[in-house]
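*Asks:* This is the structure I have questions about; it appears just below.
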Amino acid sequence: MYNELRNLNFKITTTDTILGWRRDGNLRLNFGQTHYENWVQNNNSRLDLNVQLNQRIYYQYRKNLWDNQVYLQYGLSKLYGEGLQKSLDRLEVNSIYGKIINPHLSYSYFANFRTQFSNSYDYKRDEKKDYRISGFMSPSFLTTGAGIMWRRNNNLYINLAPVTWRLVSIISPVYKYNNQEKKFINSDETEVFGIPAGNSSIHHLGFNASLYYKLELFKKRWSIENRLALYSNYLSNPKNFDVDYTFNTRYKINKFVSTNFTIQAVYDDDVFAGFQIRENFSIGLNLNI
């Protein structure tokens, strides 16, 4: 017997405009259940719960514009016969200020902050959760710099910042698994996230490029959002770019139901030697207020 209920999604969306300020965002609660009985190919029943809050606050008056985006996401999974495991964890704030030169060009200053809410573990190697591999503010990434922005409208801009400072830090020790020694090693004894052993932070100076593009079709029933950030460290291997790309598309089936698909690809060889990929698909109920 096979029974499956996937991604019951409750969503609240708001849009406000007051004296040059504009705010819009959404709150999603996704619930999923997969259950198997005597299923030959798989019998790992599971429960999934994800909470996602996205907000965009935008200000434009005379020659000043200020665009802020906040992404808060957290998810848990419960596998049959096992404890709770974290499946999604993201806390990110983007902010960019522009001093308008002409209708499409602005001097700009941006800031990006990324971390997570709770501890992460290598569940396959550390079933007892004795060795956290990351946690709140461990690591955190703060990137900020000045440059110039080309902007067609609120849904399309490119920002180039040739003078960008990045701080990578941890506020308490974490662990890294050593494949040769077959054990976890404390960050006091090994490099983690590019931070030398025994240190709590590292600074970089480099070049940052970012792109934001949102397309709305069919009377705004279908939206496609792209976010891309590239970073090169002048002080160490400047030809090597860190990449963070997020693609999100949502289709509004009717007033109450929509589908949402997200894929994120991250490349940072200080964290992992290859691309990190995250995908999420949901079909859910919507409530607009």
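Ligands are numbered from 1 in the order shown, residues from 1 within each chain, and chains are lettered A, B, ... in the order they appear in the structure tokens.
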Give me every strand (DSSP E) residue in region 87-178 of chain A, going by DSSP on the backbone, as a ChimeraX atom specification.
*Replies:* /A:87-100,105-115,120-121,132-134,140-153,156-169,175-178
*Asks:* Near region 260-276 of chain A, counting only C-alpha atoms, which residues have an atom at most 12 Å away, once you skip same-chain residues fewer than 5 positions from it, shown as a PyMOL selection string?
*Replies:* chain A and resi 7-9+11+28+30+90+133-134+139+141+168+176+191-196+202+221-233+236-237+240-253+281-286
*Asks:* Excluding region 63-74 of chain A and any residue of its chain fewer than 6 positions from it, enumerate the residues within 7 Å of it, using only C-alpha atoms, and give them as a compact mmCIF listing (two decimals) with C-alpha atoms, in the first residue's frame.
*Replies:*
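Result written to part24.txt:
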# COMPACT_ATOMS: atom_id res chain seq x y z
CA ASN A 50 8.93 24.09 5.92
CA VAL A 51 8.34 27.71 6.87
CA GLN A 52 9.42 30.49 4.48
CA LEU A 53 9.12 34.26 4.86
CA ASN A 54 10.21 36.55 2.01
CA GLN A 55 9.95 40.33 2.21
CA ARG A 56 10.97 43.14 -0.15
CA ILE A 57 10.98 46.75 1.07
CA LEU A 88 16.26 23.82 5.13
CA ASP A 89 17.92 26.70 7.00
CA ARG A 90 18.52 30.18 5.59
CA LEU A 91 18.71 33.70 6.97
CA GLU A 92 19.71 36.28 4.36
CA VAL A 93 19.38 40.05 4.06
CA ASN A 94 20.20 42.03 0.89
CA SER A 95 20.31 45.82 0.82
CA ILE A 96 21.38 48.21 -1.95
CA TYR A 97 21.31 52.00 -1.97
CA GLY A 98 21.51 54.04 -5.16
CA LYS A 99 22.17 57.71 -5.83
CA ILE A 100 20.57 58.30 -9.24
*Asks:* Excluding same-chain residues fewer than 3 positions from region 18-22 of chain A, what lies within 6 Å of it counting only C-alpha atoms, as number ranges by chain?
*Replies:* A: 57-61
*Asks:* Take the residues from that selection and write them out as an mmCIF file, in the first residue's frame, keeping N, CA and C atoms.
*Replies:*
data_model
loop_
_atom_site.group_PDB
_atom_site.id
_atom_site.type_symbol
_atom_site.label_atom_id
_atom_site.label_comp_id
_atom_site.auth_asym_id
_atom_site.auth_seq_id
_atom_site.Cartn_x
_atom_site.Cartn_y
_atom_site.Cartn_z
ATOM 1 N N ILE A 57 11.329 45.388 0.683
ATOM 2 C CA ILE A 57 10.977 46.753 1.070
ATOM 3 C C ILE A 57 11.772 47.694 0.177
ATOM 4 N N TYR A 58 11.067 48.540 -0.562
ATOM 5 C CA TYR A 58 11.704 49.364 -1.587
ATOM 6 C C TYR A 58 11.318 50.824 -1.377
ATOM 7 N N TYR A 59 12.311 51.704 -1.505
ATOM 8 C CA TYR A 59 12.067 53.133 -1.347
ATOM 9 C C TYR A 59 12.684 53.884 -2.522
ATOM 10 N N GLN A 60 11.928 54.830 -3.082
ATOM 11 C CA GLN A 60 12.461 55.700 -4.128
ATOM 12 C C GLN A 60 11.835 57.078 -3.999
ATOM 13 N N TYR A 61 12.696 58.093 -3.872
ATOM 14 C CA TYR A 61 12.228 59.470 -3.789
ATOM 15 C C TYR A 61 13.310 60.377 -4.350
#
*Asks:* Quick one: of A:Lys183, A:Phe110, A:Ser169, A:Lys86, who's nearest to Arg125 (chain A), counting only C-alpha atoms?
*Replies:*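 Answer, going by the shortest atom-to-atom distance: A:Lys183.
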*Asks:* May I ask for the distance between CA of Leu160 (chain A) and CA of Ala209 (chain A), given in Å to one decimal place?
*Replies:*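 Between CA of Leu160 (chain A) and CA of Ala209 (chain A) the gap is 4.6 Å.
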*Asks:* So, with only C-alpha atoms as the atoms that count, which of A:Leu76, A:Asp188, A:Arg23, A:Gly198 lies closest to Asp48 (chain A)?
*Replies:* A:Leu76
